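Trainee: So I've got this file, upload.tsv, and it contains TSV, C-alpha atoms:
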chain	number	residue	atom	x	y	z
U	1	MET	CA	-30.60	-7.22	-8.08
U	2	ILE	CA	-28.07	-10.03	-7.54
U	3	ASP	CA	-26.79	-9.57	-11.11
U	4	THR	CA	-26.16	-5.89	-10.42
U	5	VAL	CA	-24.41	-6.62	-7.13
U	6	MET	CA	-22.20	-9.26	-8.77
U	7	LYS	CA	-21.35	-6.87	-11.61
U	8	LEU	CA	-20.40	-4.23	-9.03
U	9	LEU	CA	-18.22	-6.69	-7.14
U	10	ILE	CA	-16.48	-7.90	-10.29
U	11	GLY	CA	-15.99	-4.33	-11.49
U	12	MET	CA	-14.43	-3.27	-8.19
U	13	HIS	CA	-12.11	-6.29	-8.23
U	14	ARG	CA	-11.03	-5.67	-11.80
U	15	ASN	CA	-10.27	-2.02	-11.10
U	16	VAL	CA	-8.25	-2.79	-7.97
U	17	LEU	CA	-6.35	-5.57	-9.71
U	18	GLU	CA	-5.49	-3.25	-12.60
U	19	LEU	CA	-4.23	-0.56	-10.20
U	20	ASP	CA	-2.18	-3.18	-8.32
U	21	ARG	CA	-0.73	-4.44	-11.60
U	22	LYS	CA	0.33	-0.93	-12.60
U	23	THR	CA	1.77	-0.22	-9.15
U	24	ALA	CA	3.68	-3.52	-9.27
U	25	ARG	CA	5.14	-2.51	-12.63
U	26	LEU	CA	6.29	0.88	-11.29
U	27	ALA	CA	7.72	-0.72	-8.14
U	28	GLY	CA	9.42	-3.42	-10.22
U	29	GLU	CA	11.28	-0.75	-12.16
U	30	GLU	CA	13.04	0.04	-8.87
U	31	GLY	CA	13.55	-3.61	-7.94
U	32	LEU	CA	10.64	-3.77	-5.50
U	33	THR	CA	7.78	-6.22	-5.25
U	34	LEU	CA	4.26	-4.90	-4.71
U	35	GLY	CA	4.44	-5.98	-1.03
U	36	GLN	CA	7.79	-4.25	-0.54
U	37	PHE	CA	6.43	-1.09	-2.14
U	38	ALA	CA	3.40	-1.22	0.19
U	39	VAL	CA	5.56	-1.55	3.32
U	40	LEU	CA	7.87	1.28	2.29
U	41	GLU	CA	4.93	3.49	1.30
U	42	VAL	CA	3.23	3.00	4.69
U	43	LEU	CA	6.43	3.79	6.57
U	44	HIS	CA	7.10	6.76	4.27
U	45	SER	CA	3.67	8.24	4.91
U	46	LYS	CA	3.07	7.23	8.56
U	47	GLY	CA	6.54	6.96	10.11
U	48	ASP	CA	7.78	4.15	12.36
U	49	LEU	CA	5.10	1.54	13.04
U	50	PRO	CA	4.86	-1.85	14.75
U	51	VAL	CA	5.11	-4.80	12.38
U	52	GLY	CA	1.51	-5.83	13.12
U	53	VAL	CA	0.17	-2.40	12.21
U	54	VAL	CA	2.10	-2.42	8.93
U	55	ARG	CA	0.80	-5.92	8.20
U	56	ASP	CA	-2.78	-4.80	8.78
U	57	ARG	CA	-2.35	-1.64	6.69
U	58	ILE	CA	-1.08	-3.54	3.66
U	59	LEU	CA	-3.53	-6.43	4.14
U	60	SER	CA	-0.75	-9.01	4.40
U	61	SER	CA	-0.55	-12.34	6.18
U	62	VAL	CA	1.81	-13.08	9.07
U	63	GLY	CA	4.03	-15.32	6.93
U	64	THR	CA	4.21	-12.94	4.00
U	65	ILE	CA	5.06	-9.83	6.03
U	66	SER	CA	8.04	-11.61	7.59
U	67	VAL	CA	9.50	-12.40	4.18
U	68	ILE	CA	8.87	-8.88	2.89
U	69	ILE	CA	10.54	-7.30	5.94
U	70	ARG	CA	13.50	-9.67	5.83
U	71	ASN	CA	14.12	-8.85	2.17
U	72	LEU	CA	13.80	-5.10	2.80
U	73	GLU	CA	16.25	-5.40	5.72
U	74	GLN	CA	18.74	-7.30	3.57
U	75	ARG	CA	18.63	-4.45	1.04
U	76	GLY	CA	19.14	-1.88	3.81
U	77	LEU	CA	15.76	-0.24	3.17
U	78	VAL	CA	14.18	-0.83	6.60
U	79	GLN	CA	15.36	-1.55	10.14
U	80	ARG	CA	13.66	-3.22	13.07
U	81	LEU	CA	13.90	-1.11	16.20
U	82	PRO	CA	12.75	-1.90	19.74
U	83	ASP	CA	9.64	-0.02	20.84
U	84	PRO	CA	10.63	2.11	23.84
U	85	GLY	CA	7.11	1.77	25.22
U	86	ASP	CA	6.85	-2.02	24.92
U	87	ARG	CA	9.91	-4.25	24.66
U	88	ARG	CA	7.81	-7.06	23.19
U	89	VAL	CA	7.04	-4.92	20.12
U	90	CYS	CA	9.32	-4.28	17.17
U	91	LEU	CA	9.00	-1.04	15.21
U	92	LEU	CA	9.77	-0.83	11.52
U	93	HIS	CA	11.84	2.17	10.49
U	94	ILE	CA	12.53	3.25	6.91
U	95	THR	CA	16.22	3.95	6.34
U	96	PRO	CA	17.51	6.92	4.33
U	97	GLU	CA	18.11	4.51	1.44
U	98	GLY	CA	14.54	3.25	1.69
U	99	GLU	CA	13.23	6.82	1.87
U	100	LYS	CA	15.21	7.79	-1.22
U	101	LEU	CA	13.89	4.81	-3.17
U	102	ILE	CA	10.23	5.16	-2.18
U	103	SER	CA	10.36	8.91	-2.82
U	104	LYS	CA	11.06	8.11	-6.47
U	105	VAL	CA	8.17	5.66	-6.83
U	106	VAL	CA	5.36	7.31	-4.81
U	107	PRO	CA	4.91	10.40	-7.03
U	108	ARG	CA	4.80	8.24	-10.16
U	109	ASN	CA	2.31	5.89	-8.51
U	110	ASN	CA	0.15	8.80	-7.36
U	111	GLU	CA	0.12	10.17	-10.92
U	112	MET	CA	-0.91	6.75	-12.25
U	113	ILE	CA	-3.77	6.61	-9.73
U	114	GLN	CA	-4.87	10.14	-10.69
U	115	GLN	CA	-4.95	9.02	-14.32
U	116	ALA	CA	-6.99	5.94	-13.43
U	117	PHE	CA	-9.66	8.12	-11.82
U	118	SER	CA	-9.56	10.83	-14.48
U	119	PRO	CA	-12.58	9.50	-16.42
U	120	LEU	CA	-14.66	10.50	-13.37
U	121	THR	CA	-15.50	14.12	-12.65
U	122	ALA	CA	-14.62	15.55	-9.25
U	123	GLU	CA	-18.28	15.22	-8.28
U	124	GLU	CA	-18.37	11.57	-9.39
U	125	GLN	CA	-15.19	10.84	-7.41
U	126	ALA	CA	-16.75	12.43	-4.31
U	127	GLU	CA	-19.91	10.40	-4.83
U	128	LEU	CA	-17.95	7.17	-5.27
U	129	LEU	CA	-16.06	7.90	-2.06
U	130	ARG	CA	-19.32	8.62	-0.24
U	131	LEU	CA	-20.84	5.35	-1.48
U	132	MET	CA	-17.77	3.32	-0.52
U	133	LYS	CA	-17.88	4.81	2.98
U	134	LYS	CA	-21.58	4.03	3.16
U	135	MET	CA	-20.76	0.38	2.39
U	136	GLY	CA	-18.26	0.32	5.24
U	137	GLY	CA	-15.05	1.11	3.42
U	138	LYS	CA	-14.28	3.93	5.89
So, in terms of structure tokens, how does the structure I just supplied come out?
Mentor:
Amino acid sequence: MIDTVMKLLIGMHRNVLELDRKTARLAGEEGLTLGQFAVLEVLHSKGDLPVGVVRDRILSSVGTISVIIRNLEQRGLVQRLPDPGDRRVCLLHITPEGEKLISKVVPRNNEMIQQAFSPLTAEEQAELLRLMKKMGGK
């Protein structure tokens, strides 16, 4: 049983690492790091968010997110805005330049992800999703 569990864990890691590697390559073609892509993608899909929420969504550390945001700001791709509801909080806002850039990468990344899952039938994909949720992956 432990051998099976370890093989599952290693298989999941290898698949995620391969997807991250491919996403990093696509992002790199536009001059973005994987972390920068992740921040822009979250803001693109969810709108303005507090820094802490973005950090949690992309599974980043406090030190790393600061560097990512600073570099995105220097390139004019994001802005920090005050939160009207809480002056202690800073919202991240994607600029039109950031939106234009991420809009070029996201469709290509989505296509790559579709291709990665294409060996599985629709039923197998649904089952995998169900099993991941059962494990606690929400």
Trainee: List every residue of region 47-116 of chain U that has an atom at most 12 Å from any atom of region 120-130 of chain U, and for each one report the closest atom pair and its distance in Å to one decimal, counting all atoms listed in the file, with rows sorted by chain and then by increasing residue number, as CSV.
Mentor:
residue,atom,partner,partner_atom,distance
U:Gln114,CA,U:Leu120,CA,10.2
U:Gln115,CA,U:Leu120,CA,9.9
U:Ala116,CA,U:Leu120,CA,8.9
Trainee: Taking all atoms listed in the file into account, which of U:Lys133, U:Arg70, U:Arg80, U:Arg75 comes nearest Gly31 (chain U)?
Mentor: U:Arg75
Trainee: Considering all atoms listed in the file, return as a list in words whatever protein or nucleic-acid residues lie within 10 Å of Lys104 (chain U), sequence-local ones (same chain, fewer than 4 positions apart) excluded.
Mentor: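 In the requested form, the answer reads Leu26, Ala27, Glu30, Glu99, Lys100, Arg108 and Asn109 of chain U.
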Trainee: Can you pull out the residues contacting Asp56 (chain U)? Cut-off 12 Å, using all atoms listed in the file, and skip same-chain residues under 4 positions away; I want them as a PyMOL selection string.
Mentor: chain U and resi 38-39+42+49-52+60-62+64-65
Trainee: So how far away is CA of Lys22 (chain U) from CA of Leu72 (chain U), in Å?
Mentor: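 We find that CA of Leu72 (chain U) and CA of Lys22 (chain U) lie 20.9 Å from each other.
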Trainee: Kindly indicate which residue among U:Gln74, U:Val67, U:Glu97, U:Leu17 lies nearest to Gly35 (chain U), using all atoms listed in the file for the distances.
Mentor: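 Closest residue, counting all atoms listed in the file: U:Val67.
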Trainee: Kindly indicate which residue among U:Lys134, U:Arg57, U:Arg88, U:Arg14 lies nearest to Glu41 (chain U), using all atoms listed in the file for the distances.
Mentor: U:Arg57
Trainee: My list of candidates is U:Gly136, U:Lys46, U:Leu101, U:Pro119. Which is closest to Glu29 (chain U) when distances are computed with only C-alpha atoms?
Mentor: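 Using only C-alpha atoms, Glu29 (chain U) sits closest to U:Leu101.
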Trainee: Report, in Å to a single decimal, how far apart CA of Ile69 (chain U) and CA of Gln36 (chain U) are.
Mentor: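 So the answer is 7.7 Å.
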Trainee: Find the distance between CA of Met112 (chain U) and CA of Leu19 (chain U) and write it in Å to one decimal.
Mentor: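 It comes out at 8.3 Å.
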Trainee: I want to know what sits within 6 Å of Cys90 (chain U), based on only C-alpha atoms, with residues of the same chain fewer than 2 positions away left out; could you give that as number ranges by chain?
Mentor: U: 50, 81-83
Trainee: Take every atom of region 3-6 of chain U listed in the file, fit an axis-aligned box around them, add 3 Å per side, and give the centre and edge lengths in Å to one decimal as JSON.
Mentor:
{"center_x": -24.5, "center_y": -7.7, "center_z": -9.1, "size_x": 10.6, "size_y": 9.7, "size_z": 10.0}
Trainee: Go through U:Val5, U:Leu40, U:Leu59, U:Ile10 one by one, measure the shortest atom-to-atom distance of each to His93 (chain U) using all atoms listed in the file, and give the residue with the smallest value.
Mentor: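 Checking each of U:Val5, U:Leu40, U:Leu59, U:Ile10 against His93 (chain U), counting all atoms listed in the file, the winner is U:Leu40.
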Trainee: With distances taken over only C-alpha atoms, which of U:Leu91, U:Val106, U:Met135, U:Met12 is nearest to Phe37 (chain U)?
Mentor: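 Residue with the minimum atom-to-atom distance to Phe37 (chain U): U:Val106.
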